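S.K.: You'll find my_file17.json just under this line, and it carries JSON, C-alpha atoms.
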```
[["chain", "number", "residue", "atom", "x", "y", "z"],
["Y", 1, "ASN", "CA", 65.02, 146.85, 99.33],
["Y", 2, "GLU", "CA", 68.02, 145.14, 100.91],
["Y", 3, "GLY", "CA", 66.71, 142.45, 103.26],
["Y", 4, "SER", "CA", 63.09, 143.39, 102.72],
["Y", 5, "ARG", "CA", 60.28, 140.88, 103.15],
["Y", 6, "ASP", "CA", 58.59, 141.86, 99.89],
["Y", 7, "THR", "CA", 56.70, 138.95, 98.36],
["Y", 8, "LEU", "CA", 58.32, 139.63, 94.98],
["Y", 9, "ARG", "CA", 62.08, 140.21, 95.02],
["Y", 10, "ALA", "CA", 64.98, 140.42, 92.59],
["Y", 11, "PHE", "CA", 68.60, 139.42, 93.19],
["Y", 12, "ARG", "CA", 71.82, 140.08, 91.37],
["Y", 13, "LYS", "CA", 75.21, 138.83, 92.54],
["Y", 14, "HIS", "CA", 73.65, 137.57, 95.80],
["Y", 15, "ARG", "CA", 72.25, 141.00, 96.69],
["Y", 16, "GLN", "CA", 68.65, 142.10, 96.61],
["Y", 17, "VAL", "CA", 68.02, 144.78, 94.00],
["Y", 18, "ASP", "CA", 65.02, 146.67, 92.65],
["Y", 19, "ILE", "CA", 63.00, 144.28, 90.50],
["Y", 20, "LEU", "CA", 63.00, 146.69, 87.53],
["Y", 21, "SER", "CA", 66.63, 147.77, 87.93],
["Y", 22, "SER", "CA", 67.96, 145.63, 85.11],
["Y", 23, "PRO", "CA", 65.29, 143.57, 83.31],
["Y", 24, "GLY", "CA", 66.56, 140.24, 82.04],
["Y", 25, "THR", "CA", 69.68, 140.22, 84.18],
["Y", 26, "VAL", "CA", 68.28, 139.70, 87.68],
["Y", 27, "ASP", "CA", 66.94, 136.57, 89.35],
["Y", 28, "ILE", "CA", 63.33, 137.00, 90.43],
["Y", 29, "THR", "CA", 61.78, 135.16, 93.33],
["Y", 30, "ALA", "CA", 58.34, 135.31, 94.90],
["Y", 31, "ASP", "CA", 56.70, 134.06, 98.06],
["Y", 32, "VAL", "CA", 54.17, 131.43, 97.07],
["Y", 33, "ASP", "CA", 51.37, 129.83, 99.07],
["Y", 34, "PHE", "CA", 52.31, 126.30, 98.01],
["Y", 35, "GLY", "CA", 49.39, 124.77, 99.91],
["Y", 36, "ALA", "CA", 46.90, 126.86, 97.95],
["Y", 37, "LEU", "CA", 48.69, 126.23, 94.67],
["Y", 38, "ARG", "CA", 48.82, 122.48, 95.27],
["Y", 39, "ASN", "CA", 45.14, 122.46, 96.24],
["Y", 40, "ALA", "CA", 44.23, 124.45, 93.13],
["Y", 41, "VAL", "CA", 45.97, 121.91, 90.91],
["Y", 42, "ASN", "CA", 45.04, 118.70, 92.73],
["Y", 43, "HIS", "CA", 41.52, 119.53, 93.83],
["Y", 44, "ASP", "CA", 40.02, 122.70, 92.38],
["Y", 45, "MET", "CA", 41.01, 121.94, 88.78],
["Y", 46, "GLN", "CA", 39.45, 118.47, 88.96],
["Y", 47, "MET", "CA", 36.29, 119.90, 90.54],
["Y", 48, "THR", "CA", 36.02, 122.49, 87.73],
["Y", 49, "ILE", "CA", 36.40, 119.86, 85.02],
["Y", 50, "ASP", "CA", 33.95, 117.52, 86.74],
["Y", 51, "ARG", "CA", 31.41, 120.36, 87.01],
["Y", 52, "ALA", "CA", 31.90, 121.32, 83.33],
["Y", 53, "ALA", "CA", 31.57, 117.68, 82.25],
["Y", 54, "SER", "CA", 28.34, 117.35, 84.26],
["Y", 55, "GLN", "CA", 26.91, 120.52, 82.70],
["Y", 56, "THR", "CA", 27.93, 119.33, 79.23],
["Y", 57, "ASP", "CA", 26.24, 115.97, 79.80],
["Y", 58, "GLU", "CA", 23.03, 117.75, 80.79],
["Y", 59, "ALA", "CA", 23.24, 120.17, 77.84],
["Y", 60, "GLN", "CA", 23.79, 117.31, 75.40],
["Y", 61, "ARG", "CA", 20.72, 115.52, 76.69],
["Y", 62, "ASN", "CA", 18.72, 118.68, 75.93],
["Y", 63, "SER", "CA", 20.20, 119.41, 72.47],
["Y", 64, "ASN", "CA", 22.12, 117.96, 69.56],
["Y", 65, "ASN", "CA", 25.32, 119.89, 70.40],
["Y", 66, "ASP", "CA", 28.49, 117.92, 69.67],
["Y", 67, "PHE", "CA", 30.67, 120.00, 72.04],
["Y", 68, "ALA", "CA", 31.77, 117.98, 75.05],
["Y", 69, "VAL", "CA", 33.88, 118.41, 78.15],
["Y", 70, "THR", "CA", 35.06, 115.10, 79.49],
["Y", 71, "LYS", "CA", 36.71, 114.02, 82.67],
["Y", 72, "SER", "CA", 40.42, 113.49, 82.19],
["Y", 73, "GLU", "CA", 42.27, 110.53, 83.61],
["Y", 74, "ASN", "CA", 45.55, 112.34, 83.01],
["Y", 75, "MET", "CA", 44.92, 115.50, 85.00],
["Y", 76, "PRO", "CA", 47.83, 117.69, 86.03],
["Y", 77, "GLU", "CA", 49.00, 116.94, 89.53],
["Y", 78, "ALA", "CA", 51.16, 118.97, 91.91],
["Y", 79, "PHE", "CA", 54.08, 117.21, 93.59],
["Y", 80, "GLY", "CA", 55.75, 118.71, 96.64],
["Y", 81, "PRO", "CA", 56.60, 121.16, 97.82],
["Y", 82, "VAL", "CA", 59.99, 119.99, 99.00],
["Y", 83, "THR", "CA", 62.81, 122.16, 100.24],
["Y", 84, "GLN", "CA", 65.37, 123.36, 97.72],
["Y", 85, "GLY", "CA", 68.09, 121.58, 99.71],
["Y", 86, "GLN", "CA", 66.21, 118.28, 99.65],
["Y", 87, "PHE", "CA", 65.40, 118.65, 95.95],
["Y", 88, "LEU", "CA", 68.94, 119.50, 94.86],
["Y", 89, "ALA", "CA", 70.45, 116.75, 97.02],
["Y", 90, "SER", "CA", 68.06, 114.15, 95.63],
["Y", 91, "MET", "CA", 68.92, 115.31, 92.09],
["Y", 92, "GLY", "CA", 72.62, 114.66, 92.69],
["Y", 93, "ALA", "CA", 73.95, 118.15, 93.41],
["Y", 94, "VAL", "CA", 76.31, 116.90, 96.12],
["Y", 95, "GLU", "CA", 77.72, 114.10, 93.98],
["Y", 96, "ARG", "CA", 78.10, 116.44, 90.99],
["Y", 97, "THR", "CA", 79.95, 118.99, 93.11],
["Y", 98, "ILE", "CA", 82.30, 116.32, 94.48],
["Y", 99, "LYS", "CA", 83.01, 115.10, 90.95],
["Y", 100, "LEU", "CA", 83.83, 118.64, 89.82],
["Y", 101, "ILE", "CA", 86.09, 119.21, 92.83],
["Y", 102, "GLU", "CA", 87.93, 115.94, 92.23],
["Y", 103, "ASP", "CA", 88.56, 116.83, 88.56],
["Y", 104, "ASP", "CA", 92.31, 117.32, 87.98],
["Y", 105, "ASN", "CA", 91.60, 120.61, 86.16],
["Y", 106, "THR", "CA", 89.78, 122.17, 89.15],
["Y", 107, "THR", "CA", 91.97, 124.61, 91.07],
["Y", 108, "ASP", "CA", 91.88, 124.89, 94.85],
["Y", 109, "GLU", "CA", 90.17, 128.26, 94.48],
["Y", 110, "GLU", "CA", 87.49, 126.79, 92.19],
["Y", 111, "ALA", "CA", 87.00, 123.87, 94.59],
["Y", 112, "GLU", "CA", 86.44, 126.32, 97.45],
["Y", 113, "GLU", "CA", 83.93, 128.30, 95.36],
["Y", 114, "LEU", "CA", 82.08, 125.08, 94.47],
["Y", 115, "CYS", "CA", 81.85, 124.09, 98.15],
["Y", 116, "MET", "CA", 80.59, 127.53, 99.15],
["Y", 117, "ALA", "CA", 78.01, 127.55, 96.33],
["Y", 118, "LEU", "CA", 76.70, 124.10, 97.27],
["Y", 119, "GLU", "CA", 76.53, 125.11, 100.93],
["Y", 120, "ARG", "CA", 74.58, 128.25, 100.04],
["Y", 121, "LEU", "CA", 72.09, 126.30, 97.91],
["Y", 122, "VAL", "CA", 71.40, 123.29, 100.17],
["Y", 123, "SER", "CA", 72.20, 124.36, 103.74],
["Y", 124, "GLU", "CA", 69.33, 124.78, 106.18],
["Y", 125, "GLU", "CA", 70.95, 128.01, 107.37],
["Y", 126, "GLU", "CA", 71.14, 129.42, 103.84],
["Y", 127, "MET", "CA", 68.75, 128.84, 100.92],
["Y", 128, "GLY", "CA", 68.16, 125.11, 101.42],
["Y", 129, "GLU", "CA", 65.16, 125.45, 103.74],
["Y", 130, "ARG", "CA", 63.79, 128.85, 102.79],
["Y", 131, "PHE", "CA", 63.25, 128.08, 99.12],
["Y", 132, "LYS", "CA", 60.82, 125.40, 98.00],
["Y", 133, "VAL", "CA", 60.23, 123.43, 94.81],
["Y", 134, "LEU", "CA", 56.87, 122.30, 93.46],
["Y", 135, "ALA", "CA", 56.40, 120.34, 90.25],
["Y", 136, "ILE", "CA", 53.22, 120.27, 88.21],
["Y", 137, "GLY", "CA", 52.88, 117.51, 85.68],
["Y", 138, "GLU", "CA", 50.49, 115.07, 84.14],
["Y", 139, "LYS", "CA", 50.23, 112.02, 86.35],
["Y", 140, "LYS", "CA", 49.30, 108.88, 84.52],
["Y", 141, "SER", "CA", 48.01, 105.72, 86.16],
["Y", 142, "GLY", "CA", 50.82, 103.76, 87.77],
["Y", 143, "ILE", "CA", 53.44, 106.46, 87.20],
["Y", 144, "PHE", "CA", 55.41, 107.67, 90.20],
["Y", 145, "ALA", "CA", 56.27, 111.23, 91.18],
["Y", 146, "PRO", "CA", 58.91, 113.10, 89.16],
["Y", 147, "PRO", "CA", 62.57, 112.92, 90.23],
["Y", 148, "GLY", "CA", 63.24, 114.86, 93.40],
["Y", 149, "PHE", "CA", 59.70, 114.37, 94.73],
["Y", 150, "SER", "CA", 59.67, 110.81, 96.03]]
```
What's the structure tokens form of this structure?
M.R.:
Amino acid sequence: NEGSRDTLRAFRKHRQVDILSSPGTVDITADVDFGALRNAVNHDMQMTIDRAASQTDEAQRNSNNDFAVTKSENMPEAFGPVTQGQFLASMGAVERTIKLIEDDNTTDEEAEELCMALERLVSEEEMGERFKVLAIGEKKSGIFAPPGFS
């Protein structure tokens, strides 16, 4: 599987491994159609609830049933996607890494490892552009997007 373009992949120690090779000890990643997922949350879900509410209204007019589906003002909303690099940088990953490096207890070797790890996570040439982040949450009137998604 090394370097494969499978849509579902597992990694351990920065190498791709078989997804079932060691359950619970590998990182799993999947290719996601973020446009479709965002549309399903932001549009399709609302359409489904609106349709159910309309059918419930009609059914209640024709019976004495107390069951009701109502439109929700606080529907889930998808935010993003944004690149992993953009997300981590906006969440303070760079500043946190600098603070750790500047700590008197951090060795030169640890500082180098921290720099390399940050580079791997946020760099456009590494994981920073390839991986994306999407948040799904309940958006309330007047509330802004979650941190990292402005």
S.K.: Pick out the closest residue to Asn39 in chain Y from this set: Y:Ile101, Y:Ile136, Y:Leu118, Y:Met91. Count all atoms listed in the file.
M.R.: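 Smallest distance to Asn39 in chain Y is found for Y:Ile136.
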S.K.: Determine the axis-aligned bounding box of all atoms of range 127-131 of chain Y present in the file, pad each side by 5 Å, and express its centre and edge lengths in Å to one decimal place as JSON.
M.R.:
```
{"center_x": 66.0, "center_y": 127.0, "center_z": 101.4, "size_x": 15.5, "size_y": 13.7, "size_z": 14.6}
```
S.K.: Tell me which protein, DNA and RNA residues are within 10 Å of Pro147 in chain Y, counting all atoms listed in the file, leaving out same-chain ones fewer than 2 positions away, and put them as a PDB file with C-alpha atoms, in the coordinates of the input.
M.R.:
```pdb
ATOM      1  CA  PHE Y  87      65.400 118.650  95.950  1.00  0.00           C
ATOM      2  CA  SER Y  90      68.060 114.150  95.630  1.00  0.00           C
ATOM      3  CA  MET Y  91      68.920 115.310  92.090  1.00  0.00           C
ATOM      4  CA  ALA Y 135      56.400 120.340  90.250  1.00  0.00           C
ATOM      5  CA  PHE Y 144      55.410 107.670  90.200  1.00  0.00           C
ATOM      6  CA  ALA Y 145      56.270 111.230  91.180  1.00  0.00           C
ATOM      7  CA  PHE Y 149      59.700 114.370  94.730  1.00  0.00           C
ATOM      8  CA  SER Y 150      59.670 110.810  96.030  1.00  0.00           C
TER       9      SER Y 150
END
```
S.K.: Just want the 8 Å neighbourhood of range 93-99 of chain Y, counted on only C-alpha atoms, with same-chain residues fewer than 3 positions away dropped. Output as number ranges by chain.
M.R.: Y: 88-90, 102-103, 114-115, 118
S.K.: Tell me which of Y:Thr107, Y:Pro146, Y:Val41, Y:Gln84 sits closest to Leu121 in chain Y, counting only C-alpha atoms.
M.R.: Y:Gln84
S.K.: List the spatial neighbours of Thr25 in chain Y as a PyMOL selection string - criterion: any atom at most 12 Å away, only C-alpha atoms, same-chain residues fewer than 5 positions off excluded.
M.R.: chain Y and resi 10-13+17-20
S.K.: Atoms to include: C-alpha atoms. Write the selected residues as a short mmCIF file (atom, residue, chain, number, x, y, z; two decimals), keeping the file's coordinate frame.
M.R.:
```
data_model
loop_
_atom_site.label_atom_id
_atom_site.label_comp_id
_atom_site.auth_asym_id
_atom_site.auth_seq_id
_atom_site.Cartn_x
_atom_site.Cartn_y
_atom_site.Cartn_z
CA ALA Y 10 64.98 140.42 92.59
CA PHE Y 11 68.60 139.42 93.19
CA ARG Y 12 71.82 140.08 91.37
CA LYS Y 13 75.21 138.83 92.54
CA VAL Y 17 68.02 144.78 94.00
CA ASP Y 18 65.02 146.67 92.65
CA ILE Y 19 63.00 144.28 90.50
CA LEU Y 20 63.00 146.69 87.53
#
```
S.K.: Between Y:Gly85, Y:Gly80, Y:Gly92, Y:Pro23, which has the minimum distance to Leu134 in chain Y (counting only C-alpha atoms)?
M.R.: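 Closest to Leu134 in chain Y of all the choices is Y:Gly80.
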S.K.: Quick one: residues within 12 Å of Arg130 in chain Y, only C-alpha atoms, excluding same-chain residues fewer than 5 positions away - as a list in words?
M.R.: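 Residues near the query, excluding close chain neighbours: Thr29, Ala30, Asp31, Val32, Pro81, Val82, Thr83, Gln84, Gly85, Gln86, Arg120, Leu121, Val122, Ser123, Glu124 and Glu125 of chain Y.
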S.K.: To one decimal in Å, tell me the separation between CA of Phe34 in chain Y and CA of Pro76 in chain Y.
M.R.: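 Atom-to-atom, CA of Phe34 in chain Y to CA of Pro76 in chain Y, that is 15.4 Å.
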S.K.: Tell me, in Å to one decimal, how far CA of Ala78 in chain Y is from CA of Arg38 in chain Y.
M.R.: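 For CA of Ala78 in chain Y relative to CA of Arg38 in chain Y, the distance reads 5.4 Å.
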S.K.: Tell me, in Å to one decimal, how far CA of Ser22 in chain Y is from CA of Arg9 in chain Y.
M.R.: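 These atoms are spaced 12.7 Å apart.
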S.K.: Pick the closest to Gly137 in chain Y from Y:Asn105, Y:Ser21, Y:Asn42, Y:Thr48: which is it, counting all atoms listed in the file?
M.R.: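 So, comparing all the options, the nearest one is Y:Asn42.
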